[in-house]
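Trainee: Provided below: protein07.txt, containing compact mmCIF, C-alpha atoms and all ligand atoms.
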# COMPACT_ATOMS: atom_id res chain seq x y z
CA MET A 1 -88.19 -66.62 -89.39
CA LYS A 2 -86.49 -68.84 -86.86
CA GLU A 3 -85.33 -72.17 -88.25
CA VAL A 4 -86.09 -74.65 -85.51
CA ALA A 5 -86.01 -78.44 -85.06
CA ILE A 6 -87.53 -80.52 -82.29
CA LEU A 7 -85.74 -83.63 -81.11
CA GLY A 8 -88.18 -85.81 -79.17
CA SER A 9 -91.18 -84.04 -80.70
CA THR A 10 -93.71 -86.69 -79.61
CA GLY A 11 -92.94 -86.51 -75.87
CA SER A 12 -94.33 -84.22 -73.22
CA ILE A 13 -91.91 -81.32 -73.87
CA GLY A 14 -91.87 -81.89 -77.63
CA THR A 15 -95.65 -81.76 -77.84
CA GLN A 16 -95.83 -78.61 -75.72
CA THR A 17 -93.15 -76.99 -77.90
CA LEU A 18 -95.38 -77.61 -80.91
CA GLU A 19 -98.34 -76.13 -79.03
CA VAL A 20 -96.37 -72.89 -78.67
CA ILE A 21 -95.20 -72.98 -82.30
CA ARG A 22 -98.80 -73.53 -83.45
CA GLU A 23 -99.68 -70.18 -81.83
CA TYR A 24 -96.75 -68.42 -83.50
CA LYS A 25 -96.62 -70.13 -86.90
CA GLU A 26 -95.40 -67.06 -88.78
CA ASP A 27 -92.31 -66.80 -86.58
CA PHE A 28 -90.93 -70.26 -87.29
CA GLU A 29 -89.75 -72.41 -90.12
CA LEU A 30 -89.91 -75.95 -88.80
CA ILE A 31 -86.85 -77.73 -90.16
CA GLY A 32 -87.52 -81.10 -88.62
CA LEU A 33 -89.21 -83.39 -86.15
CA LEU A 34 -87.34 -86.34 -84.69
CA ALA A 35 -88.62 -89.13 -82.45
CA LYS A 36 -87.77 -92.72 -81.69
CA ARG A 37 -90.70 -94.56 -83.24
CA ALA A 38 -92.68 -94.22 -86.45
CA SER A 39 -95.77 -93.55 -84.39
CA GLU A 40 -99.15 -92.25 -85.39
CA LYS A 41 -98.39 -89.17 -83.30
CA LEU A 42 -95.23 -88.36 -85.25
CA LEU A 43 -97.10 -88.82 -88.51
CA ASN A 44 -99.91 -86.51 -87.35
CA GLN A 45 -97.37 -83.89 -86.28
CA ALA A 46 -95.72 -84.08 -89.70
CA ARG A 47 -99.10 -83.73 -91.39
CA GLU A 48 -100.06 -80.69 -89.36
CA PHE A 49 -96.73 -78.82 -89.21
CA LYS A 50 -95.21 -79.91 -92.55
CA PRO A 51 -91.54 -79.73 -91.50
CA ARG A 52 -88.75 -80.03 -94.05
CA TYR A 53 -87.79 -83.42 -92.54
CA VAL A 54 -89.39 -86.01 -90.31
CA SER A 55 -87.13 -88.60 -88.81
CA CYS A 56 -87.18 -91.62 -86.50
CA TYR A 57 -85.16 -94.71 -85.68
CA GLU A 58 -87.85 -97.23 -86.60
CA ASN A 59 -88.59 -98.30 -90.17
CA PRO A 60 -91.98 -96.80 -91.04
CA SER A 61 -94.54 -98.84 -92.95
CA LYS A 62 -95.33 -98.06 -96.59
CA ASP A 63 -98.70 -96.58 -95.53
CA TRP A 64 -97.02 -94.34 -92.96
CA LEU A 65 -94.60 -92.98 -95.57
CA GLU A 66 -97.34 -92.52 -98.14
CA ALA A 67 -99.41 -90.53 -95.63
CA LEU A 68 -96.68 -87.89 -95.32
CA PRO A 69 -97.61 -84.59 -96.95
CA LYS A 70 -95.91 -83.58 -100.18
CA GLY A 71 -92.63 -81.81 -99.54
CA VAL A 72 -91.93 -83.52 -96.19
CA LYS A 73 -88.90 -85.77 -96.56
CA PHE A 74 -88.38 -88.83 -94.35
CA LEU A 75 -84.86 -89.52 -93.10
CA ARG A 76 -83.74 -92.46 -90.95
CA GLY A 77 -82.66 -91.57 -87.35
CA GLY A 78 -78.91 -90.84 -87.49
CA GLU A 79 -79.08 -89.23 -90.90
CA GLY A 80 -82.09 -87.19 -89.77
CA LEU A 81 -80.36 -85.99 -86.63
CA HIS A 82 -77.35 -84.76 -88.62
CA ALA A 83 -79.54 -83.01 -91.21
CA LEU A 84 -81.57 -81.27 -88.50
CA VAL A 85 -78.44 -80.07 -86.70
CA GLU A 86 -76.91 -78.89 -89.96
CA GLU A 87 -79.94 -77.00 -91.28
CA SER A 88 -81.50 -75.47 -88.13
CA GLN A 89 -80.53 -72.34 -86.22
CA MET A 90 -81.88 -73.68 -82.94
CA LEU A 91 -82.84 -77.13 -81.69
CA MET A 92 -85.02 -78.17 -78.79
CA ASN A 93 -83.51 -81.31 -77.29
CA ALA A 94 -86.51 -82.94 -75.63
CA ILE A 95 -85.30 -86.52 -75.93
CA SER A 96 -85.60 -88.39 -72.65
CA GLY A 97 -82.75 -89.98 -70.71
CA THR A 98 -79.23 -90.81 -71.86
CA GLU A 99 -80.35 -90.97 -75.53
CA GLY A 100 -80.29 -87.16 -75.42
CA ILE A 101 -76.51 -86.97 -74.89
CA LEU A 102 -75.33 -87.38 -78.50
CA PRO A 103 -77.86 -84.80 -79.84
CA THR A 104 -76.74 -82.18 -77.29
CA TYR A 105 -73.13 -82.90 -78.21
CA LEU A 106 -73.78 -82.45 -81.94
CA VAL A 107 -75.83 -79.27 -81.50
CA LEU A 108 -73.20 -77.61 -79.31
CA GLN A 109 -70.28 -78.75 -81.46
CA LYS A 110 -71.98 -77.19 -84.48
CA GLY A 111 -72.49 -73.96 -82.54
CA LYS A 112 -76.28 -74.02 -82.91
CA ARG A 113 -78.51 -72.67 -80.15
CA LEU A 114 -79.57 -75.44 -77.79
CA LEU A 115 -82.96 -75.19 -76.11
CA ALA A 116 -81.90 -77.56 -73.39
CA SER A 117 -84.52 -79.80 -71.94
CA ASN A 118 -82.66 -83.10 -71.75
CA LYS A 119 -80.90 -82.88 -68.40
CA GLU A 120 -78.74 -86.00 -68.60
CA SER A 121 -76.63 -84.43 -71.35
CA LEU A 122 -76.16 -81.20 -69.39
CA ILE A 123 -74.72 -83.25 -66.52
CA CYS A 124 -72.49 -85.58 -68.53
CA LEU A 125 -71.07 -83.10 -71.05
CA ARG A 126 -69.71 -80.84 -68.33
CA ARG A 127 -66.79 -79.30 -70.23
CA LEU A 128 -68.72 -78.71 -73.43
CA VAL A 129 -71.66 -77.18 -71.54
CA LYS A 130 -69.34 -74.79 -69.70
CA GLU A 131 -67.54 -73.85 -72.90
CA LYS A 132 -70.73 -73.28 -74.92
CA ARG A 133 -72.84 -71.70 -72.18
CA ASP A 134 -73.57 -68.68 -74.37
CA ILE A 135 -75.60 -70.71 -76.86
CA ILE A 136 -77.63 -72.69 -74.32
CA VAL A 137 -81.07 -71.63 -73.09
CA PRO A 138 -82.22 -73.93 -70.28
CA VAL A 139 -85.81 -75.15 -70.59
CA ASP A 140 -86.17 -77.10 -67.35
CA SER A 141 -88.43 -74.75 -65.36
CA GLU A 142 -86.03 -74.34 -62.42
CA HIS A 143 -82.98 -73.64 -64.58
CA ASN A 144 -84.97 -71.43 -66.88
CA ALA A 145 -86.04 -69.43 -63.81
CA LEU A 146 -82.48 -69.19 -62.50
CA PHE A 147 -81.19 -68.27 -65.97
CA GLN A 148 -83.58 -65.32 -65.97
CA LEU A 149 -82.89 -64.32 -62.37
CA LEU A 150 -79.11 -64.56 -62.64
CA SER A 151 -79.12 -62.29 -65.67
CA MET A 152 -80.57 -59.59 -63.40
CA VAL A 153 -78.04 -59.75 -60.57
CA GLU A 154 -74.33 -59.15 -60.36
CA GLU A 155 -72.12 -62.04 -59.29
CA LYS A 156 -70.72 -59.96 -56.40
CA ASP A 157 -74.24 -59.50 -54.96
CA LEU A 158 -75.21 -63.16 -55.10
CA LYS A 159 -75.22 -65.26 -51.93
CA ARG A 160 -76.83 -68.47 -53.18
CA VAL A 161 -79.53 -69.88 -55.42
CA TYR A 162 -82.39 -72.25 -54.57
CA LEU A 163 -83.92 -74.97 -56.66
CA THR A 164 -87.49 -75.77 -55.70
CA ALA A 165 -89.00 -79.25 -55.72
CA SER A 166 -92.66 -80.19 -55.50
CA GLY A 167 -91.64 -83.12 -53.28
CA GLY A 168 -93.34 -85.56 -55.65
CA PRO A 169 -96.30 -87.80 -54.84
CA PHE A 170 -94.68 -89.29 -51.69
CA ARG A 171 -93.73 -86.18 -49.77
CA ASP A 172 -96.04 -87.10 -46.89
CA LYS A 173 -95.43 -90.86 -46.86
CA SER A 174 -93.32 -92.46 -44.14
CA LEU A 175 -90.19 -94.40 -44.92
CA GLU A 176 -92.11 -97.57 -44.07
CA GLU A 177 -94.87 -96.67 -46.54
CA LEU A 178 -92.32 -95.96 -49.28
CA LYS A 179 -91.31 -99.64 -49.19
CA SER A 180 -94.59 -100.68 -50.77
CA VAL A 181 -94.98 -97.95 -53.41
CA ARG A 182 -96.24 -99.34 -56.72
CA VAL A 183 -95.24 -98.26 -60.24
CA GLU A 184 -98.70 -96.69 -60.85
CA ASP A 185 -98.39 -94.61 -57.66
CA ALA A 186 -94.97 -93.33 -58.65
CA LEU A 187 -96.17 -92.42 -62.14
CA ASN A 188 -98.87 -90.17 -60.69
CA HIS A 189 -97.14 -86.81 -60.17
CA PRO A 190 -99.18 -84.21 -58.25
CA THR A 191 -98.34 -81.07 -60.24
CA TRP A 192 -96.55 -81.87 -63.53
CA ARG A 193 -97.50 -84.17 -66.46
CA MET A 194 -94.24 -85.58 -67.80
CA GLY A 195 -92.62 -88.63 -69.42
CA ALA A 196 -92.13 -91.81 -67.36
CA LYS A 197 -88.39 -91.44 -66.59
CA ILE A 198 -88.60 -87.92 -65.20
CA THR A 199 -91.82 -88.75 -63.32
CA ILE A 200 -90.10 -91.59 -61.44
CA ASP A 201 -87.05 -89.38 -60.88
CA SER A 202 -89.39 -86.77 -59.40
CA ALA A 203 -90.87 -89.34 -57.01
CA THR A 204 -87.42 -90.37 -55.69
CA LEU A 205 -86.24 -86.70 -55.84
CA MET A 206 -83.37 -87.96 -58.00
CA ASN A 207 -84.68 -85.45 -60.53
CA LYS A 208 -83.89 -82.64 -58.10
CA GLY A 209 -80.48 -84.10 -57.35
CA MET A 210 -79.78 -84.22 -61.07
CA GLU A 211 -80.98 -80.65 -61.40
CA LEU A 212 -78.39 -79.69 -58.81
CA LEU A 213 -75.68 -81.25 -61.01
CA GLU A 214 -77.19 -79.55 -64.06
CA ALA A 215 -77.17 -76.14 -62.30
CA ILE A 216 -73.51 -76.52 -61.32
CA ASN A 217 -72.56 -76.91 -64.99
CA LEU A 218 -74.98 -74.36 -66.42
CA PHE A 219 -74.26 -71.55 -63.96
CA ASP A 220 -70.73 -72.41 -62.84
CA LEU A 221 -71.73 -72.39 -59.18
CA PRO A 222 -70.20 -74.60 -56.49
CA VAL A 223 -72.55 -77.07 -54.79
CA GLU A 224 -72.36 -75.11 -51.50
CA ARG A 225 -74.12 -72.17 -53.16
CA ILE A 226 -77.09 -74.19 -54.39
CA ASP A 227 -79.80 -75.20 -51.97
CA ILE A 228 -82.92 -77.30 -52.51
CA LEU A 229 -86.28 -76.48 -50.98
CA ILE A 230 -89.52 -78.42 -51.06
CA HIS A 231 -92.26 -76.20 -52.43
CA PRO A 232 -95.37 -78.34 -52.97
CA GLN A 233 -97.32 -75.83 -55.10
CA SER A 234 -94.67 -75.67 -57.90
CA LEU A 235 -95.26 -71.96 -58.43
CA VAL A 236 -91.86 -70.58 -57.42
CA HIS A 237 -89.42 -72.15 -59.86
CA GLY A 238 -86.19 -70.53 -58.78
CA ILE A 239 -84.90 -68.19 -56.07
CA VAL A 240 -81.77 -66.11 -55.78
CA GLU A 241 -80.64 -64.88 -52.39
CA LEU A 242 -78.60 -61.69 -52.36
CA ILE A 243 -75.95 -60.63 -49.89
CA ASP A 244 -78.14 -57.77 -48.61
CA GLY A 245 -80.76 -60.16 -47.21
CA SER A 246 -83.25 -59.99 -50.09
CA PHE A 247 -84.58 -62.89 -52.12
CA ILE A 248 -85.84 -62.66 -55.70
CA PHE A 249 -88.39 -65.28 -56.75
CA HIS A 250 -89.36 -66.40 -60.21
CA VAL A 251 -93.06 -67.27 -60.06
CA SER A 252 -95.37 -68.56 -62.77
CA GLN A 253 -98.28 -70.91 -63.07
CA THR A 254 -97.35 -74.58 -63.43
CA ASP A 255 -97.03 -74.82 -67.20
CA MET A 256 -93.90 -75.92 -69.07
CA ARG A 257 -95.07 -73.92 -72.08
CA ILE A 258 -93.91 -70.79 -70.21
CA PRO A 259 -90.18 -71.71 -70.17
CA ILE A 260 -90.59 -73.23 -73.65
CA LEU A 261 -92.02 -69.94 -74.97
CA TYR A 262 -89.17 -68.06 -73.31
CA SER A 263 -86.54 -70.34 -74.85
CA LEU A 264 -88.02 -70.19 -78.36
CA PHE A 265 -87.99 -66.39 -78.43
CA TYR A 266 -84.96 -65.66 -76.23
CA PRO A 267 -83.76 -62.91 -75.76
CA ASN A 268 -87.18 -61.41 -76.55
CA ARG A 269 -90.46 -62.04 -74.74
CA LYS A 270 -93.75 -62.95 -76.33
CA LYS A 271 -97.28 -62.94 -75.04
CA TYR A 272 -98.37 -66.17 -73.31
CA PRO A 273 -101.10 -67.34 -75.68
CA PHE A 274 -102.87 -69.79 -73.35
CA GLU A 275 -105.24 -69.41 -70.41
CA ARG A 276 -103.60 -67.11 -67.92
CA LYS A 277 -104.16 -67.43 -64.17
CA SER A 278 -104.09 -64.42 -61.88
CA LEU A 279 -102.04 -64.37 -58.69
CA ILE A 280 -105.32 -64.70 -56.77
CA ASP A 281 -106.04 -68.01 -58.57
CA LEU A 282 -102.65 -69.35 -57.60
CA SER A 283 -102.46 -70.96 -54.18
CA SER A 284 -100.37 -69.95 -51.18
CA ILE A 285 -96.67 -70.59 -51.21
CA ASN A 286 -94.87 -72.80 -48.67
CA PHE A 287 -91.32 -74.02 -48.32
CA GLU A 288 -90.02 -77.02 -46.39
CA ARG A 289 -86.67 -78.71 -45.93
CA VAL A 290 -86.06 -81.97 -47.79
CA ASP A 291 -86.35 -85.08 -45.58
CA THR A 292 -82.99 -86.60 -46.45
CA GLU A 293 -83.68 -89.79 -44.47
CA LYS A 294 -86.56 -90.56 -46.80
CA PHE A 295 -85.05 -89.10 -49.94
CA ARG A 296 -81.45 -90.26 -49.97
CA SER A 297 -81.04 -89.16 -53.56
CA ILE A 298 -80.41 -85.59 -52.38
CA PRO A 299 -77.39 -86.27 -50.11
CA LEU A 300 -76.19 -88.75 -52.73
CA CYS A 301 -76.25 -86.13 -55.50
CA LYS A 302 -74.56 -83.57 -53.24
CA TRP A 303 -71.81 -86.10 -52.59
CA VAL A 304 -71.56 -86.78 -56.34
CA ALA A 305 -71.26 -83.04 -56.98
CA LEU A 306 -68.45 -82.72 -54.43
CA MET A 307 -66.59 -85.75 -55.77
CA GLY A 308 -66.96 -84.76 -59.44
CA GLY A 309 -64.73 -86.87 -61.72
CA PRO A 310 -66.63 -89.86 -63.11
CA TYR A 311 -69.46 -89.74 -60.57
CA PRO A 312 -71.99 -87.38 -62.22
CA THR A 313 -71.86 -89.38 -65.47
CA ALA A 314 -71.93 -92.72 -63.66
CA LEU A 315 -74.94 -91.52 -61.67
CA VAL A 316 -76.81 -90.73 -64.89
CA GLY A 317 -76.18 -94.24 -66.29
CA ALA A 318 -76.96 -95.89 -62.95
CA ASP A 319 -80.23 -94.01 -62.56
CA GLN A 320 -81.28 -94.84 -66.12
CA ILE A 321 -81.08 -98.59 -65.46
CA ALA A 322 -82.48 -98.32 -61.91
CA VAL A 323 -85.60 -96.52 -63.17
CA GLU A 324 -86.03 -99.03 -66.01
CA LEU A 325 -85.78 -101.93 -63.55
CA PHE A 326 -88.35 -100.30 -61.26
CA LEU A 327 -90.74 -99.73 -64.19
CA GLU A 328 -90.31 -103.40 -65.14
CA GLY A 329 -91.22 -104.40 -61.57
CA LYS A 330 -87.77 -105.94 -60.95
CA ILE A 331 -86.86 -103.71 -58.00
CA GLY A 332 -88.85 -101.78 -55.38
CA PHE A 333 -89.13 -98.03 -55.08
CA LEU A 334 -86.50 -97.58 -52.34
CA GLN A 335 -84.11 -99.85 -54.22
CA ILE A 336 -83.83 -97.30 -57.04
CA VAL A 337 -81.51 -95.08 -55.00
CA GLU A 338 -79.90 -98.08 -53.25
CA LEU A 339 -78.96 -99.55 -56.63
CA VAL A 340 -77.54 -96.23 -57.83
CA GLU A 341 -75.44 -96.03 -54.63
CA GLU A 342 -74.22 -99.59 -55.12
CA ILE A 343 -73.21 -98.94 -58.73
CA LEU A 344 -71.40 -95.72 -57.80
CA SER A 345 -69.50 -97.50 -55.01
CA GLN A 346 -67.92 -99.65 -57.74
CA ALA A 347 -67.11 -96.84 -60.19
CA SER A 348 -63.34 -96.46 -60.26
CA PHE A 349 -62.79 -94.39 -63.38
CA LYS A 350 -61.35 -90.99 -64.29
CA GLU A 351 -63.51 -88.07 -65.38
CA PRO A 352 -64.63 -88.71 -68.99
CA GLN A 353 -62.76 -86.50 -71.45
CA SER A 354 -64.57 -87.24 -74.70
CA LEU A 355 -68.03 -88.18 -75.89
CA GLU A 356 -66.83 -91.79 -76.26
CA ASP A 357 -65.64 -91.78 -72.62
CA VAL A 358 -69.02 -90.44 -71.49
CA LEU A 359 -70.96 -93.05 -73.42
CA SER A 360 -68.76 -95.92 -72.29
CA LEU A 361 -68.99 -94.89 -68.62
CA ILE A 362 -72.78 -94.68 -68.92
CA SER A 363 -72.88 -98.07 -70.52
CA TRP A 364 -70.63 -99.49 -67.76
CA ALA A 365 -72.99 -98.13 -65.06
CA TYR A 366 -76.02 -99.42 -66.95
CA GLU A 367 -74.60 -102.93 -67.39
CA LYS A 368 -73.40 -102.99 -63.77
CA GLY A 369 -76.97 -102.26 -62.65
CA LYS A 370 -78.29 -105.16 -64.73
CA GLU A 371 -75.61 -107.46 -63.36
CA LEU A 372 -76.29 -106.49 -59.73
CA VAL A 373 -80.01 -107.14 -60.07
CA GLY A 374 -79.52 -110.25 -62.20
CA ARG A 375 -81.69 -109.04 -65.08
N1 LIG B 1 -91.79 -83.25 -69.16
C1 LIG B 1 -91.40 -82.22 -68.45
O1 LIG B 1 -92.22 -81.47 -67.91
C2 LIG B 1 -89.93 -81.93 -68.29
C3 LIG B 1 -89.53 -80.87 -67.48
C4 LIG B 1 -88.19 -80.57 -67.39
C5 LIG B 1 -87.24 -81.33 -68.05
N2 LIG B 1 -87.63 -82.38 -68.81
C6 LIG B 1 -86.62 -83.18 -69.49
O2 LIG B 1 -86.92 -83.17 -70.89
C7 LIG B 1 -86.57 -84.41 -71.48
C8 LIG B 1 -87.82 -84.96 -72.17
O3 LIG B 1 -88.80 -85.26 -71.17
P1 LIG B 1 -90.28 -85.68 -71.56
O4 LIG B 1 -91.01 -85.75 -70.27
O5 LIG B 1 -90.78 -84.82 -72.66
O6 LIG B 1 -90.02 -87.17 -72.11
P2 LIG B 1 -91.05 -88.14 -72.85
O7 LIG B 1 -92.44 -87.63 -72.74
O8 LIG B 1 -90.73 -89.52 -72.37
O9 LIG B 1 -90.63 -88.01 -74.40
C9 LIG B 1 -89.41 -88.47 -74.88
C10 LIG B 1 -89.24 -88.12 -76.34
O10 LIG B 1 -87.95 -88.57 -76.76
C11 LIG B 1 -88.10 -89.44 -77.89
N3 LIG B 1 -87.01 -90.40 -77.84
C12 LIG B 1 -86.74 -91.34 -76.90
N4 LIG B 1 -85.63 -92.01 -77.24
C13 LIG B 1 -85.20 -91.49 -78.41
C14 LIG B 1 -84.12 -91.77 -79.28
N5 LIG B 1 -83.24 -92.74 -79.03
N6 LIG B 1 -83.99 -91.01 -80.40
C15 LIG B 1 -84.88 -90.05 -80.70
N7 LIG B 1 -85.92 -89.74 -79.93
C16 LIG B 1 -86.07 -90.45 -78.79
C17 LIG B 1 -89.48 -90.06 -77.74
O11 LIG B 1 -89.93 -90.57 -78.99
P3 LIG B 1 -91.12 -91.69 -79.07
O12 LIG B 1 -92.39 -90.98 -78.70
O13 LIG B 1 -91.11 -92.11 -80.50
O14 LIG B 1 -90.76 -92.77 -78.11
C18 LIG B 1 -90.25 -88.82 -77.27
O15 LIG B 1 -90.51 -87.98 -78.37
C19 LIG B 1 -86.03 -85.29 -70.35
O16 LIG B 1 -84.64 -85.26 -70.31
C20 LIG B 1 -86.60 -84.64 -69.10
O17 LIG B 1 -85.78 -84.84 -67.98
C21 LIG B 1 -88.96 -82.69 -68.95
Starting from the file, lay out its structure as structure tokens.
Ligand SMILES: NC(=O)c1ccc[n+]([C@@H]2O[C@H](COP(=O)([O-])OP(=O)(O)OC[C@H]3O[C@@H](n4cnc5c(N)ncnc54)[C@H](OP(=O)(O)O)[C@@H]3O)[C@@H](O)[C@H]2O)c1
Mentor:
Amino acid sequence: MKEVAILGSTGSIGTQTLEVIREYKEDFELIGLLAKRASEKLLNQAREFKPRYVSCYENPSKDWLEALPKGVKFLRGGEGLHALVEESQMLMNAISGTEGILPTYLVLQKGKRLLASNKESLICLRRLVKEKRDIIVPVDSEHNALFQLLSMVEEKDLKRVYLTASGGPFRDKSLEELKSVRVEDALNHPTWRMGAKITIDSATLMNKGMELLEAINLFDLPVERIDILIHPQSLVHGIVELIDGSFIFHVSQTDMRIPILYSLFYPNRKKYPFERKSLIDLSSINFERVDTEKFRSIPLCKWVALMGGPYPTALVGADQIAVELFLEGKIGFLQIVELVEEILSQASFKEPQSLEDVLSLISWAYEKGKELVGR
């Protein structure tokens, strides 16, 4: 039995992780579920899956606590997080945004296997991620694909890797049209159903830029050997190009439960227990170059990757506040990347050395964003 905990169990990835576990109940002992709020959804998950612990950062009502099944213990946020890390063999970190940094840190420090979905932490905890690479299984579909592909090729045969991007909902819009994009439009992703932060990041392509930074740390590749291609169908998740002129693609239907299934059973493979599409049902496959005039997040993230030092971490904090301000209607769509650029232009720090340094740089970038917009 695998002892597993899910951090961010009520979100898009967390829920899909439980869908996989539901199909393979006998293989798992669910140590804990952790979320932010004492929501009905968290309660229902606890009632169905009966983990050892359920935990959140909000104070649950008396009724909520009384509705927990016998044997399921409630722990408040911080205490819950530590108990889950201590008692599990592997943890899925599916917490969104910068809140996922501390959990990744604790999991890796304790030497537990990290099923890594939260991308912000993989960018900011560069040294730790490099040092603990052996206990990390990437869940993000692109990195999961590259993780699998790179295990099949020798370093000496590798020319470069490609990250694919759907292009988001605004791939065909002109720069002029992007000025008037509304929050509802940006939240409507064409191929993936995800939480709000990553959906907005996918619309600006900041998500892909961040994935570039994530890939550098996960696979120890320089930025020059990672390319980004627009691939609207989201079927090819990763590509490796070999020195002999061949390319190897990782293809699967658009379903995050596939990389989740892989990560839960790694290094073994298990049958996909959901509706399977044949290659004939999948559409044709196209690739395009990124329009960097329209999507300035890509050259920005490449610059950040080249500069290194404080910039990747500052970018994560800056993007967190920029997306929040956009969702609150305080800034327009194109201003998301402009604000991130403005914050980075004022970041004169050294590369963070400790968790405290990381968190304080993020908080600096976040507060700087608020100050610049006058929130
Ligand atoms: N969704 C995807 O397809 C996808 C693909 C690749 C990578 N990712 C990455 O996976 C991560 C999760 O994405 P998502 O789309 O699943 O996000 P989401 O749907 O917004 O869910 C976020 C989860 O995190 C919990 N959470 C938020 N703040 C927390 C805190 N301070 N402490 C504990 N739990 C907290 C939320 O709890 P409440 O429900 O109580 O608020 C919820 O369970 C992100 O880093 C994203 O970039 C997602």
Trainee: Under the rule that all atoms listed in the file are counted, which of A:Val129, A:Val20, A:Cys301, A:Ile343 is the nearest residue to Leu212 in chain A?
Mentor: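 Checking each candidate against Leu212 in chain A, we get A:Cys301 as the closest.
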Trainee: What does the list of residues within 9 Å of ligand LIG 1 (chain B) look like if you count all atoms listed in the file, written as a ChimeraX atom specification?
Mentor: /A:6-16,34-39,41-42,55-58,77-78,81,93-100,103,116-121,139-142,192-199,201,207,255-256
Trainee: Which residue is closest to Ser252 in chain A? Choose from A:Leu187, A:Ala145, A:Arg47, A:Ala305 and count all atoms listed in the file.
Mentor: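 Going through A:Leu187, A:Ala145, A:Arg47, A:Ala305 one by one, the smallest distance to Ser252 in chain A is for A:Ala145.
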Trainee: What gap, in Å, lies between CA of Arg126 in chain A and CA of Pro310 in chain A?
Mentor: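 Calculated distance between CA of Arg126 in chain A and CA of Pro310 in chain A is 10.9 Å.
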Trainee: At most 7 Å from (-77.6, -59.2, -54.2), file frame, all atoms listed in the file: which residues, as a PyMOL selection string?
Mentor: chain A and resi 153-154+157-159+241-244
Trainee: Grab the CA of Lys179 in chain A to CA of Leu344 in chain A distance for me, in Å with one decimal place.
Mentor: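 These two atoms are separated by 22.0 Å.
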Trainee: Report, in Å to a single decimal, how far apart CA of Leu279 in chain A and CA of Tyr162 in chain A are.
Mentor: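 Spanning CA of Tyr162 in chain A to CA of Leu279 in chain A is a straight-line distance of 21.6 Å.
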Trainee: Skipping near chain neighbours, those fewer than 6 positions away, what residues fall within 10 Å of Asp227 in chain A using all atoms listed in the file, listed as a PyMOL selection string?
Mentor: chain A and resi 160-164+212+239+289+302
Trainee: Include C-alpha atoms and write out the residues we just selected as an mmCIF file, in the coordinates of the input.
Mentor:
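File written: out-v3.cif
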data_model
loop_
_atom_site.group_PDB
_atom_site.id
_atom_site.type_symbol
_atom_site.label_atom_id
_atom_site.label_comp_id
_atom_site.auth_asym_id
_atom_site.auth_seq_id
_atom_site.Cartn_x
_atom_site.Cartn_y
_atom_site.Cartn_z
ATOM 1 C CA ARG A 160 -76.830 -68.470 -53.180
ATOM 2 C CA VAL A 161 -79.530 -69.880 -55.420
ATOM 3 C CA TYR A 162 -82.390 -72.250 -54.570
ATOM 4 C CA LEU A 163 -83.920 -74.970 -56.660
ATOM 5 C CA THR A 164 -87.490 -75.770 -55.700
ATOM 6 C CA LEU A 212 -78.390 -79.690 -58.810
ATOM 7 C CA ILE A 239 -84.900 -68.190 -56.070
ATOM 8 C CA ARG A 289 -86.670 -78.710 -45.930
ATOM 9 C CA LYS A 302 -74.560 -83.570 -53.240
#
Trainee: From the options A:Ile285, A:Met206, A:Val340, A:Val290, which residue's atoms come nearest to Asp172 in chain A, counting all atoms listed in the file?
Mentor: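 Among the listed residues, A:Val290 lies closest to Asp172 in chain A.
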Trainee: Which of these residues is nearest to Gly329 in chain A, using all atoms listed in the file: A:Ser180, A:Thr313, A:Ser345, A:Ser246?
Mentor: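 Counting all atoms listed in the file, the residue closest to Gly329 in chain A is A:Ser180.
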Trainee: Under the rule that all atoms listed in the file are counted, which of A:Val4, A:Val240, A:Ala347, A:Ala67 is the nearest residue to Val304 in chain A?
Mentor: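 Under the stated criterion, the closest residue is A:Ala347.
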Trainee: When you count only C-alpha atoms, which of these residues is closest to Asp185 in chain A: A:Ile21, A:Leu327, A:Leu221, A:Ile362?
Mentor: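 Comparing A:Ile21, A:Leu327, A:Leu221, A:Ile362 against Asp185 in chain A, the winner is A:Leu327.
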Trainee: Return as JSON the box centre and box size in Å, one decimal, for an axis-aligned box around all listed atoms of range 179-197 of chain A padded by 4 Å per side.
Mentor:
{"center_x": -93.8, "center_y": -90.9, "center_z": -59.3, "size_x": 18.8, "size_y": 27.6, "size_z": 28.2}
Trainee: Starting from the point (-90.4, -87.1, -57.2), work out which residues of protein, DNA or RNA have an atom no more than 10 Å away when counting only C-alpha atoms; state them as an MDAnalysis selection string.
Mentor: chainID A and resid 165:171 186:190 198:208 295
Trainee: Show me, as an MDAnalysis selection string, the residues that have an atom within 12 Å of Asn217 in chain A when counting all atoms listed in the file, minus same-chain residues fewer than 3 positions from it.
Mentor: chainID A and resid 119:133 136 138 143 210:214 220:223 226 305 308 312
Trainee: I'd like the contact shell of Met1 in chain A - 7 Å cut-off, all atoms listed in the file, skipping same-chain residues fewer than 3 positions apart - returned as a list in words.
Mentor: Asp27, Phe28 and Glu29 of chain A
